[in-house]
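Notes follow the structure.
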Amino acid sequence: MQRVDLAHDLKTPITRIRIKAEEALIDPKGEKAKVEALQGTIEEADNLIKTFNALLKIARLEAGADNEQKDVVDLSQVMEEVAELYEPVIDDEGMELNLSISENLSILADRQLISQAITNVIDNALKYGRGDVKNKDHKTIIELMVRQKNQYVEIHIADNGEGISEEN
């Protein structure tokens, strides 16, 4: 992961934590509002810790220093669970979800990292795959696929939106 990506991924949650803390200090609604703001701050901090842990784990994997035990993970099941989680959000955004998931495809991996990678790509499709806003007839379609390809299991996640502009 490049340093710019890392900084960007961490800046947003840190900013949200700071804003929640400032709002708690100036909220005229009193103690209840402060407690709610602190609870939200704790949630944001927990999410930030999870992000740090995932980044550290990825760095260890890339360096070949991760000796943690891998498990047999049913990738088909993971993709179905993630699709089930995101389907209402995708529908709410006026997008469509297409699934093509072969059954019982297992790999040796870290289930949490695989799930995180899939959700990160789907999040990006939601953020940047909105399609041509000038063309009202264009409907963004997010495709999720898991299939056997020779001796490998292949994950395919794509959308038909505009994506990120060339200059970015």
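Just remember, in the structure tokens the first chain shown is A, the second B, etc., residues are 1-based per chain, and ligands are 1-based in the order shown.
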
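With only C-alpha atoms taken into account, the protein and nucleic acid residues at most 9 Å from Lys57 in chain A (excluding it and anything under 4 positions from it in its own chain) are Phe52, Asn53, Leu61, Glu62, Asp66 and Leu113 of chain A.
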
Those selected residues, please, written with N, CA, C and O atoms and delivered as a compact mmCIF listing (two decimals), in the first residue's frame.
# COMPACT_ATOMS: atom_id res chain seq x y z
N PHE A 52 -6.02 -0.17 11.39
CA PHE A 52 -4.58 -0.29 11.68
C PHE A 52 -4.15 -1.75 11.72
O PHE A 52 -3.13 -2.12 11.14
N ASN A 53 -4.93 -2.58 12.41
CA ASN A 53 -4.58 -4.00 12.53
C ASN A 53 -4.56 -4.68 11.16
O ASN A 53 -3.68 -5.48 10.86
N LEU A 61 2.17 -9.69 5.71
CA LEU A 61 2.00 -10.64 4.62
C LEU A 61 2.90 -10.28 3.43
O LEU A 61 3.55 -11.15 2.85
N GLU A 62 2.92 -9.00 3.08
CA GLU A 62 3.74 -8.55 1.96
C GLU A 62 5.22 -8.76 2.23
O GLU A 62 5.99 -9.03 1.32
N ASP A 66 4.37 -13.02 8.09
CA ASP A 66 3.15 -13.42 8.80
C ASP A 66 3.12 -14.93 8.96
O ASP A 66 2.99 -15.66 8.00
N LEU A 113 -9.31 -11.11 6.42
CA LEU A 113 -8.67 -10.31 5.38
C LEU A 113 -9.39 -10.45 4.05
O LEU A 113 -9.54 -9.46 3.31

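Within range 34-152 of chain A, DSSP run on the backbone puts these residues in strand (DSSP E or B): A:Asp71, A:Val72, A:Val73, A:Asp74, A:Glu96, A:Leu97, A:Asn98, A:Leu99, A:Ser100, A:Ile101, A:Ser106, A:Ile107, A:Leu108, A:Ala109, A:Ile141, A:Ile142, A:Glu143, A:Leu144, A:Met145, A:Val146, A:Arg147, A:Gln148, A:Lys149, A:Tyr152.
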
Exercise. Would you kindly return, as a VMD selection string, each protein, DNA or RNA residue with an atom no farther than 7 Å from any atom of Arg147 in chain A, considering only C-alpha atoms and excluding same-chain residues fewer than 3 positions away?
Key: chain A and resid 101 to 102 153 to 155

Let's have the selection written as an mmCIF file, in the first residue's frame, with N, CA, C and O atoms.
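Printed below is part.cif as written:
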data_model
loop_
_atom_site.group_PDB
_atom_site.id
_atom_site.type_symbol
_atom_site.label_atom_id
_atom_site.label_comp_id
_atom_site.auth_asym_id
_atom_site.auth_seq_id
_atom_site.Cartn_x
_atom_site.Cartn_y
_atom_site.Cartn_z
ATOM 1 N N ILE A 101 -22.006 -16.955 -8.291
ATOM 2 C CA ILE A 101 -21.170 -17.572 -7.260
ATOM 3 C C ILE A 101 -21.288 -19.091 -7.369
ATOM 4 O O ILE A 101 -22.346 -19.665 -7.096
ATOM 5 N N SER A 102 -20.207 -19.735 -7.759
ATOM 6 C CA SER A 102 -20.159 -21.190 -7.765
ATOM 7 C C SER A 102 -20.108 -21.666 -6.316
ATOM 8 O O SER A 102 -19.494 -21.031 -5.467
ATOM 9 N N VAL A 153 -9.133 -20.500 -7.564
ATOM 10 C CA VAL A 153 -10.444 -19.915 -7.345
ATOM 11 C C VAL A 153 -10.306 -18.439 -7.681
ATOM 12 O O VAL A 153 -9.388 -17.768 -7.203
ATOM 13 N N GLU A 154 -11.200 -17.941 -8.502
ATOM 14 C CA GLU A 154 -11.112 -16.563 -8.981
ATOM 15 C C GLU A 154 -12.259 -15.735 -8.403
ATOM 16 O O GLU A 154 -13.408 -16.166 -8.405
ATOM 17 N N ILE A 155 -11.905 -14.566 -7.907
ATOM 18 C CA ILE A 155 -12.885 -13.576 -7.446
ATOM 19 C C ILE A 155 -12.901 -12.472 -8.486
ATOM 20 O O ILE A 155 -11.846 -11.981 -8.894
#

Just the alpha helix (DSSP H) stuff from chain A, please, per backbone DSSP, written as a CSV table (one decimal) with N, CA, C and O atoms, in the first residue's frame.
chain,number,residue,atom,x,y,z
A,3,ARG,N,2.0,5.1,0.6
A,3,ARG,CA,1.8,6.0,1.8
A,3,ARG,C,0.7,7.0,1.6
A,3,ARG,O,0.0,7.3,2.6
A,4,VAL,N,0.4,7.4,0.4
A,4,VAL,CA,-0.7,8.4,0.1
A,4,VAL,C,-2.0,7.7,0.4
A,4,VAL,O,-2.9,8.3,1.0
A,5,ASP,N,-2.1,6.4,-0.1
A,5,ASP,CA,-3.4,5.7,0.2
A,5,ASP,C,-3.6,5.5,1.7
A,5,ASP,O,-4.7,5.6,2.2
A,6,LEU,N,-2.5,5.1,2.4
A,6,LEU,CA,-2.6,4.9,3.8
A,6,LEU,C,-3.0,6.2,4.5
A,6,LEU,O,-3.9,6.2,5.4
A,7,ALA,N,-2.4,7.3,4.2
A,7,ALA,CA,-2.8,8.6,4.8
A,7,ALA,C,-4.2,8.9,4.5
A,7,ALA,O,-5.0,9.4,5.4
A,8,HIS,N,-4.7,8.7,3.3
A,8,HIS,CA,-6.1,9.0,2.9
A,8,HIS,C,-7.0,8.1,3.7
A,8,HIS,O,-8.0,8.5,4.3
A,9,ASP,N,-6.7,6.8,3.8
A,9,ASP,CA,-7.6,5.8,4.5
A,9,ASP,C,-7.7,6.2,6.0
A,9,ASP,O,-8.7,5.9,6.6
A,10,LEU,N,-6.7,6.8,6.6
A,10,LEU,CA,-6.7,7.1,8.0
A,10,LEU,C,-7.2,8.5,8.3
A,10,LEU,O,-7.7,8.7,9.4
A,11,LYS,N,-7.0,9.4,7.4
A,11,LYS,CA,-7.4,10.8,7.7
A,11,LYS,C,-8.9,10.9,7.9
A,11,LYS,O,-9.3,11.6,8.9
A,12,THR,N,-9.7,10.2,7.2
A,12,THR,CA,-11.2,10.4,7.3
A,12,THR,C,-11.6,9.9,8.7
A,12,THR,O,-12.3,10.6,9.4
A,13,PRO,N,-11.3,8.7,9.2
A,13,PRO,CA,-11.8,8.3,10.5
A,13,PRO,C,-11.2,9.1,11.6
A,13,PRO,O,-11.9,9.4,12.6
A,14,ILE,N,-10.0,9.6,11.5
A,14,ILE,CA,-9.4,10.4,12.5
A,14,ILE,C,-10.1,11.8,12.6
A,14,ILE,O,-10.4,12.3,13.6
A,15,THR,N,-10.4,12.3,11.4
A,15,THR,CA,-11.2,13.6,11.3
A,15,THR,C,-12.6,13.4,12.0
A,15,THR,O,-13.0,14.3,12.7
A,16,ARG,N,-13.2,12.3,11.7
A,16,ARG,CA,-14.6,12.0,12.3
A,16,ARG,C,-14.5,12.0,13.8
A,16,ARG,O,-15.3,12.5,14.5
A,17,ILE,N,-13.4,11.3,14.3
A,17,ILE,CA,-13.2,11.2,15.8
A,17,ILE,C,-13.1,12.6,16.4
A,17,ILE,O,-13.7,13.0,17.4
A,18,ARG,N,-12.3,13.5,15.7
A,18,ARG,CA,-12.0,14.8,16.2
A,18,ARG,C,-13.3,15.7,16.2
A,18,ARG,O,-13.6,16.4,17.1
A,19,ILE,N,-14.1,15.5,15.1
A,19,ILE,CA,-15.3,16.3,15.0
A,19,ILE,C,-16.3,15.9,16.1
A,19,ILE,O,-16.9,16.7,16.7
A,20,LYS,N,-16.4,14.6,16.3
A,20,LYS,CA,-17.4,14.1,17.4
A,20,LYS,C,-16.9,14.6,18.7
A,20,LYS,O,-17.8,15.0,19.5
A,21,ALA,N,-15.6,14.6,19.0
A,21,ALA,CA,-15.2,15.1,20.3
A,21,ALA,C,-15.5,16.6,20.4
A,21,ALA,O,-15.9,17.1,21.5
A,22,GLU,N,-15.2,17.4,19.4
A,22,GLU,CA,-15.5,18.8,19.4
A,22,GLU,C,-17.0,19.1,19.6
A,22,GLU,O,-17.4,20.0,20.4
A,23,GLU,N,-17.8,18.3,18.9
A,23,GLU,CA,-19.3,18.5,19.0
A,23,GLU,C,-19.7,18.2,20.4
A,23,GLU,O,-20.6,18.9,21.0
A,24,ALA,N,-19.1,17.2,21.1
A,24,ALA,CA,-19.5,16.9,22.4
A,24,ALA,C,-19.2,18.0,23.4
A,24,ALA,O,-19.9,18.3,24.3
A,25,LEU,N,-18.1,18.7,23.2
A,25,LEU,CA,-17.7,19.8,24.1
A,25,LEU,C,-18.6,21.0,23.9
A,25,LEU,O,-18.8,21.7,24.9
A,26,ILE,N,-19.1,21.2,22.8
A,26,ILE,CA,-19.9,22.5,22.6
A,26,ILE,C,-21.4,22.2,22.5
A,26,ILE,O,-22.2,23.2,22.4
A,31,GLU,N,-25.5,16.6,29.2
A,31,GLU,CA,-24.8,15.4,29.5
A,31,GLU,C,-25.1,14.2,28.5
A,31,GLU,O,-24.3,13.5,28.1
A,32,LYS,N,-26.4,14.1,28.2
A,32,LYS,CA,-26.9,13.0,27.4
A,32,LYS,C,-26.2,13.1,26.0
A,32,LYS,O,-25.7,12.1,25.5
A,33,ALA,N,-26.1,14.2,25.4
A,33,ALA,CA,-25.5,14.4,24.1
A,33,ALA,C,-24.0,14.1,24.2
A,33,ALA,O,-23.4,13.6,23.3
A,34,LYS,N,-23.4,14.5,25.3
A,34,LYS,CA,-22.0,14.2,25.5
A,34,LYS,C,-21.7,12.7,25.5
A,34,LYS,O,-20.8,12.2,24.9
A,35,VAL,N,-22.6,12.0,26.3
A,35,VAL,CA,-22.4,10.5,26.4
A,35,VAL,C,-22.6,9.9,25.0
A,35,VAL,O,-21.8,9.0,24.6
A,36,GLU,N,-23.6,10.3,24.2
A,36,GLU,CA,-23.8,9.8,22.9
A,36,GLU,C,-22.6,10.1,22.0
A,36,GLU,O,-22.2,9.2,21.2
A,37,ALA,N,-22.1,11.3,22.1
A,37,ALA,CA,-20.9,11.7,21.3
A,37,ALA,C,-19.7,10.8,21.6
A,37,ALA,O,-19.0,10.4,20.7
A,38,LEU,N,-19.5,10.6,22.9
A,38,LEU,CA,-18.4,9.8,23.4
A,38,LEU,C,-18.6,8.3,22.9
A,38,LEU,O,-17.6,7.7,22.5
A,39,GLN,N,-19.8,7.8,22.9
A,39,GLN,CA,-20.0,6.4,22.4
A,39,GLN,C,-19.7,6.4,20.9
A,39,GLN,O,-19.1,5.4,20.5
A,40,GLY,N,-20.1,7.4,20.2
A,40,GLY,CA,-19.8,7.4,18.8
A,40,GLY,C,-18.3,7.5,18.5
A,40,GLY,O,-17.7,6.9,17.6
A,41,THR,N,-17.6,8.3,19.4
A,41,THR,CA,-16.1,8.4,19.3
A,41,THR,C,-15.4,7.1,19.5
A,41,THR,O,-14.5,6.7,18.8
A,42,ILE,N,-15.9,6.4,20.5
A,42,ILE,CA,-15.4,5.1,20.8
A,42,ILE,C,-15.6,4.1,19.7
A,42,ILE,O,-14.6,3.4,19.3
A,43,GLU,N,-16.7,4.1,19.0
A,43,GLU,CA,-17.0,3.3,17.9
A,43,GLU,C,-16.0,3.6,16.7
A,43,GLU,O,-15.5,2.7,16.1
A,44,GLU,N,-15.8,4.9,16.5
A,44,GLU,CA,-14.9,5.4,15.4
A,44,GLU,C,-13.5,4.9,15.7
A,44,GLU,O,-12.7,4.5,14.9
A,45,ALA,N,-13.1,5.0,17.0
A,45,ALA,CA,-11.7,4.6,17.4
A,45,ALA,C,-11.6,3.1,17.2
A,45,ALA,O,-10.5,2.7,16.8
A,46,ASP,N,-12.6,2.3,17.6
A,46,ASP,CA,-12.5,0.9,17.4
A,46,ASP,C,-12.4,0.6,15.9
A,46,ASP,O,-11.6,-0.3,15.5
A,47,ASN,N,-13.1,1.3,15.0
A,47,ASN,CA,-13.0,1.0,13.6
A,47,ASN,C,-11.6,1.4,13.1
A,47,ASN,O,-11.0,0.7,12.3
A,48,LEU,N,-11.0,2.5,13.7
A,48,LEU,CA,-9.7,2.9,13.3
A,48,LEU,C,-8.6,1.8,13.7
A,48,LEU,O,-7.7,1.5,13.0
A,49,ILE,N,-8.8,1.3,14.9
A,49,ILE,CA,-7.9,0.2,15.4
A,49,ILE,C,-8.0,-1.0,14.5
A,49,ILE,O,-7.0,-1.6,14.1
A,50,LYS,N,-9.2,-1.4,14.0
A,50,LYS,CA,-9.4,-2.5,13.1
A,50,LYS,C,-8.6,-2.2,11.8
A,50,LYS,O,-8.0,-3.1,11.2
A,51,THR,N,-8.7,-1.0,11.3
A,51,THR,CA,-8.0,-0.6,10.1
A,51,THR,C,-6.5,-0.7,10.3
A,51,THR,O,-5.8,-1.2,9.4
A,52,PHE,N,-6.0,-0.2,11.4
A,52,PHE,CA,-4.6,-0.3,11.7
A,52,PHE,C,-4.1,-1.7,11.7
A,52,PHE,O,-3.1,-2.1,11.1
A,53,ASN,N,-4.9,-2.6,12.4
A,53,ASN,CA,-4.6,-4.0,12.5
A,53,ASN,C,-4.6,-4.7,11.2
A,53,ASN,O,-3.7,-5.5,10.9
A,54,ALA,N,-5.5,-4.4,10.3
A,54,ALA,CA,-5.6,-4.9,9.0
A,54,ALA,C,-4.4,-4.5,8.2
A,54,ALA,O,-3.8,-5.3,7.5
A,55,LEU,N,-4.0,-3.2,8.3
A,55,LEU,CA,-2.9,-2.7,7.5
A,55,LEU,C,-1.6,-3.3,8.0
A,55,LEU,O,-0.7,-3.6,7.2
A,56,LEU,N,-1.5,-3.5,9.3
A,56,LEU,CA,-0.3,-4.2,9.8
A,56,LEU,C,-0.2,-5.6,9.3
A,56,LEU,O,0.9,-6.1,9.0
A,57,LYS,N,-1.3,-6.3,9.3
A,57,LYS,CA,-1.4,-7.7,8.9
A,57,LYS,C,-1.0,-7.8,7.4
A,57,LYS,O,-0.2,-8.6,7.0
A,58,ILE,N,-1.5,-6.8,6.6
A,58,ILE,CA,-1.2,-6.8,5.2
A,58,ILE,C,0.3,-6.5,5.0
A,58,ILE,O,1.0,-7.2,4.2
A,59,ALA,N,0.9,-5.6,5.7
A,59,ALA,CA,2.3,-5.3,5.6
A,59,ALA,C,3.1,-6.5,6.0
A,59,ALA,O,4.1,-6.8,5.3
A,60,ARG,N,2.7,-7.3,7.0
A,60,ARG,CA,3.4,-8.5,7.4
A,60,ARG,C,3.4,-9.6,6.3
A,60,ARG,O,4.3,-10.2,6.0
A,61,LEU,N,2.2,-9.7,5.7
A,61,LEU,CA,2.0,-10.6,4.6
A,61,LEU,C,2.9,-10.3,3.4
A,61,LEU,O,3.5,-11.1,2.9
A,62,GLU,N,2.9,-9.0,3.1
A,62,GLU,CA,3.7,-8.6,2.0
A,62,GLU,C,5.2,-8.8,2.2
A,62,GLU,O,6.0,-9.0,1.3
A,63,ALA,N,5.6,-8.7,3.5
A,63,ALA,CA,7.0,-8.8,3.9
A,63,ALA,C,7.4,-10.3,4.1
A,63,ALA,O,8.5,-10.7,4.3
A,75,LEU,N,-14.9,-19.6,0.2
A,75,LEU,CA,-15.0,-18.3,-0.5
A,75,LEU,C,-16.4,-18.0,-1.0
A,75,LEU,O,-16.8,-16.9,-1.0
A,76,SER,N,-17.1,-19.0,-1.5
A,76,SER,CA,-18.5,-18.9,-2.0
A,76,SER,C,-19.4,-18.3,-0.9
A,76,SER,O,-20.1,-17.4,-1.1
A,77,GLN,N,-19.2,-18.9,0.3
A,77,GLN,CA,-20.0,-18.5,1.5
A,77,GLN,C,-19.7,-17.0,1.9
A,77,GLN,O,-20.6,-16.2,2.1
A,78,VAL,N,-18.4,-16.7,1.9
A,78,VAL,CA,-18.0,-15.3,2.2
A,78,VAL,C,-18.6,-14.3,1.3
A,78,VAL,O,-19.1,-13.3,1.7
A,79,MET,N,-18.5,-14.6,0.0
A,79,MET,CA,-19.0,-13.7,-1.0
A,79,MET,C,-20.5,-13.6,-0.9
A,79,MET,O,-21.1,-12.5,-1.0
A,80,GLU,N,-21.2,-14.7,-0.6
A,80,GLU,CA,-22.7,-14.6,-0.4
A,80,GLU,C,-23.1,-13.8,0.8
A,80,GLU,O,-24.0,-13.0,0.8
A,81,GLU,N,-22.3,-13.9,1.9
A,81,GLU,CA,-22.6,-13.2,3.1
A,81,GLU,C,-22.3,-11.7,2.9
A,81,GLU,O,-23.1,-10.8,3.3
A,82,VAL,N,-21.2,-11.3,2.2
A,82,VAL,CA,-21.0,-9.9,1.9
A,82,VAL,C,-22.0,-9.4,0.9
A,82,VAL,O,-22.5,-8.2,1.1
A,83,ALA,N,-22.4,-10.1,-0.1
A,83,ALA,CA,-23.5,-9.7,-1.0
A,83,ALA,C,-24.8,-9.4,-0.2
A,83,ALA,O,-25.5,-8.4,-0.5
A,84,GLU,N,-25.1,-10.3,0.7
A,84,GLU,CA,-26.4,-10.2,1.5
A,84,GLU,C,-26.3,-8.9,2.3
A,84,GLU,O,-27.3,-8.2,2.5
A,85,LEU,N,-25.1,-8.6,2.9
A,85,LEU,CA,-24.9,-7.4,3.7
A,85,LEU,C,-25.1,-6.1,2.8
A,85,LEU,O,-25.7,-5.2,3.3
A,86,TYR,N,-24.5,-6.1,1.6
A,86,TYR,CA,-24.5,-4.9,0.8
A,86,TYR,C,-25.7,-4.8,-0.1
A,86,TYR,O,-26.0,-3.7,-0.6
A,87,GLU,N,-26.5,-5.8,-0.3
A,87,GLU,CA,-27.6,-5.7,-1.3
A,87,GLU,C,-28.6,-4.6,-0.9
A,87,GLU,O,-29.0,-3.8,-1.8
A,88,PRO,N,-29.0,-4.4,0.3
A,88,PRO,CA,-29.9,-3.3,0.6
A,88,PRO,C,-29.3,-1.9,0.3
A,88,PRO,O,-30.0,-1.0,-0.1
A,89,VAL,N,-28.0,-1.8,0.6
A,89,VAL,CA,-27.3,-0.5,0.4
A,89,VAL,C,-27.2,-0.2,-1.1
A,89,VAL,O,-27.5,0.9,-1.6
A,90,ILE,N,-26.9,-1.2,-1.9
A,90,ILE,CA,-26.8,-1.1,-3.3
A,90,ILE,C,-28.2,-0.7,-3.9
A,90,ILE,O,-28.3,0.1,-4.8
A,91,ASP,N,-29.3,-1.4,-3.4
A,91,ASP,CA,-30.6,-1.1,-3.9
A,91,ASP,C,-31.0,0.4,-3.5
A,91,ASP,O,-31.5,1.1,-4.3
A,92,ASP,N,-30.6,0.8,-2.3
A,92,ASP,CA,-30.9,2.2,-1.9
A,92,ASP,C,-30.2,3.2,-2.7
A,92,ASP,O,-30.8,4.3,-2.9
A,111,ARG,N,-9.8,-15.5,6.8
A,111,ARG,CA,-11.2,-15.2,6.4
A,111,ARG,C,-11.4,-13.7,6.6
A,111,ARG,O,-12.1,-13.0,5.8
A,112,GLN,N,-10.9,-13.1,7.7
A,112,GLN,CA,-11.2,-11.7,7.9
A,112,GLN,C,-10.5,-10.8,6.8
A,112,GLN,O,-11.2,-9.8,6.4
A,113,LEU,N,-9.3,-11.1,6.4
A,113,LEU,CA,-8.7,-10.3,5.4
A,113,LEU,C,-9.4,-10.4,4.0
A,113,LEU,O,-9.5,-9.5,3.3
A,114,ILE,N,-9.8,-11.7,3.7
A,114,ILE,CA,-10.6,-11.9,2.5
A,114,ILE,C,-11.9,-11.1,2.5
A,114,ILE,O,-12.2,-10.4,1.5
A,115,SER,N,-12.6,-11.1,3.6
A,115,SER,CA,-13.9,-10.4,3.7
A,115,SER,C,-13.6,-8.9,3.6
A,115,SER,O,-14.3,-8.2,3.0
A,116,GLN,N,-12.5,-8.4,4.3
A,116,GLN,CA,-12.2,-7.0,4.3
A,116,GLN,C,-11.9,-6.5,2.8
A,116,GLN,O,-12.3,-5.5,2.4
A,117,ALA,N,-11.1,-7.4,2.1
A,117,ALA,CA,-10.7,-7.0,0.8
A,117,ALA,C,-12.0,-6.9,-0.1
A,117,ALA,O,-12.1,-5.9,-0.9
A,118,ILE,N,-12.9,-7.8,0.0
A,118,ILE,CA,-14.1,-7.8,-0.8
A,118,ILE,C,-14.9,-6.6,-0.5
A,118,ILE,O,-15.4,-5.9,-1.4
A,119,THR,N,-15.1,-6.3,0.8
A,119,THR,CA,-15.9,-5.2,1.2
A,119,THR,C,-15.3,-3.9,0.8
A,119,THR,O,-16.0,-2.9,0.4
A,120,ASN,N,-13.9,-3.8,0.8
A,120,ASN,CA,-13.3,-2.6,0.3
A,120,ASN,C,-13.6,-2.3,-1.1
A,120,ASN,O,-13.8,-1.1,-1.5
A,121,VAL,N,-13.5,-3.3,-2.0
A,121,VAL,CA,-13.7,-3.2,-3.4
A,121,VAL,C,-15.2,-2.8,-3.6
A,121,VAL,O,-15.5,-1.9,-4.5
A,122,ILE,N,-16.1,-3.4,-2.9
A,122,ILE,CA,-17.6,-3.1,-3.1
A,122,ILE,C,-17.8,-1.6,-2.6
A,122,ILE,O,-18.5,-0.9,-3.3
A,123,ASP,N,-17.2,-1.2,-1.5
A,123,ASP,CA,-17.3,0.2,-1.1
A,123,ASP,C,-16.8,1.1,-2.1
A,123,ASP,O,-17.5,2.2,-2.4
A,124,ASN,N,-15.7,0.8,-2.8
A,124,ASN,CA,-15.2,1.7,-3.9
A,124,ASN,C,-16.2,1.7,-5.0
A,124,ASN,O,-16.4,2.7,-5.7
A,125,ALA,N,-16.8,0.6,-5.4
A,125,ALA,CA,-17.8,0.5,-6.4
A,125,ALA,C,-19.0,1.4,-6.1
A,125,ALA,O,-19.6,2.1,-6.9
A,126,LEU,N,-19.4,1.4,-4.8
A,126,LEU,CA,-20.5,2.3,-4.4
A,126,LEU,C,-20.1,3.8,-4.4
A,126,LEU,O,-20.9,4.6,-4.8
A,127,LYS,N,-18.9,4.1,-4.1
A,127,LYS,CA,-18.4,5.5,-4.1
A,127,LYS,C,-18.1,6.0,-5.5
A,127,LYS,O,-18.5,7.2,-5.8
A,128,TYR,N,-17.5,5.2,-6.3
A,128,TYR,CA,-17.0,5.7,-7.6
A,128,TYR,C,-17.7,5.1,-8.8
A,128,TYR,O,-17.4,5.5,-9.9

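For the pair CA of Lys149 in chain A and CA of Asn104 in chain A, the separation is 13.6 Å.
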
Quiz item: Can you tell me how far CA of Ala109 in chain A sits from CA of Glu143 in chain A, in Å to one decimal?
Solution: 22.7 Å

Quiz item: For Val146 in chain A, which of A:Ile107, A:Gly161, A:Ser100, A:Glu166 is the closest residue, counting only C-alpha atoms?
Solution: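 Using only C-alpha atoms, Val146 in chain A sits closest to A:Ser100.
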
Self-check item: Distance in Å - CA of Asn98 in chain A versus CA of Ser165 in chain A
Solution: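 Between these atoms lies a distance of 24.3 Å.
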
Quiz item: Looking at A:Glu93, A:Lys70, A:Gly30, A:Leu108, which one is nearest to Lys139 in chain A, with distances taken over only C-alpha atoms?
Solution: A:Glu93
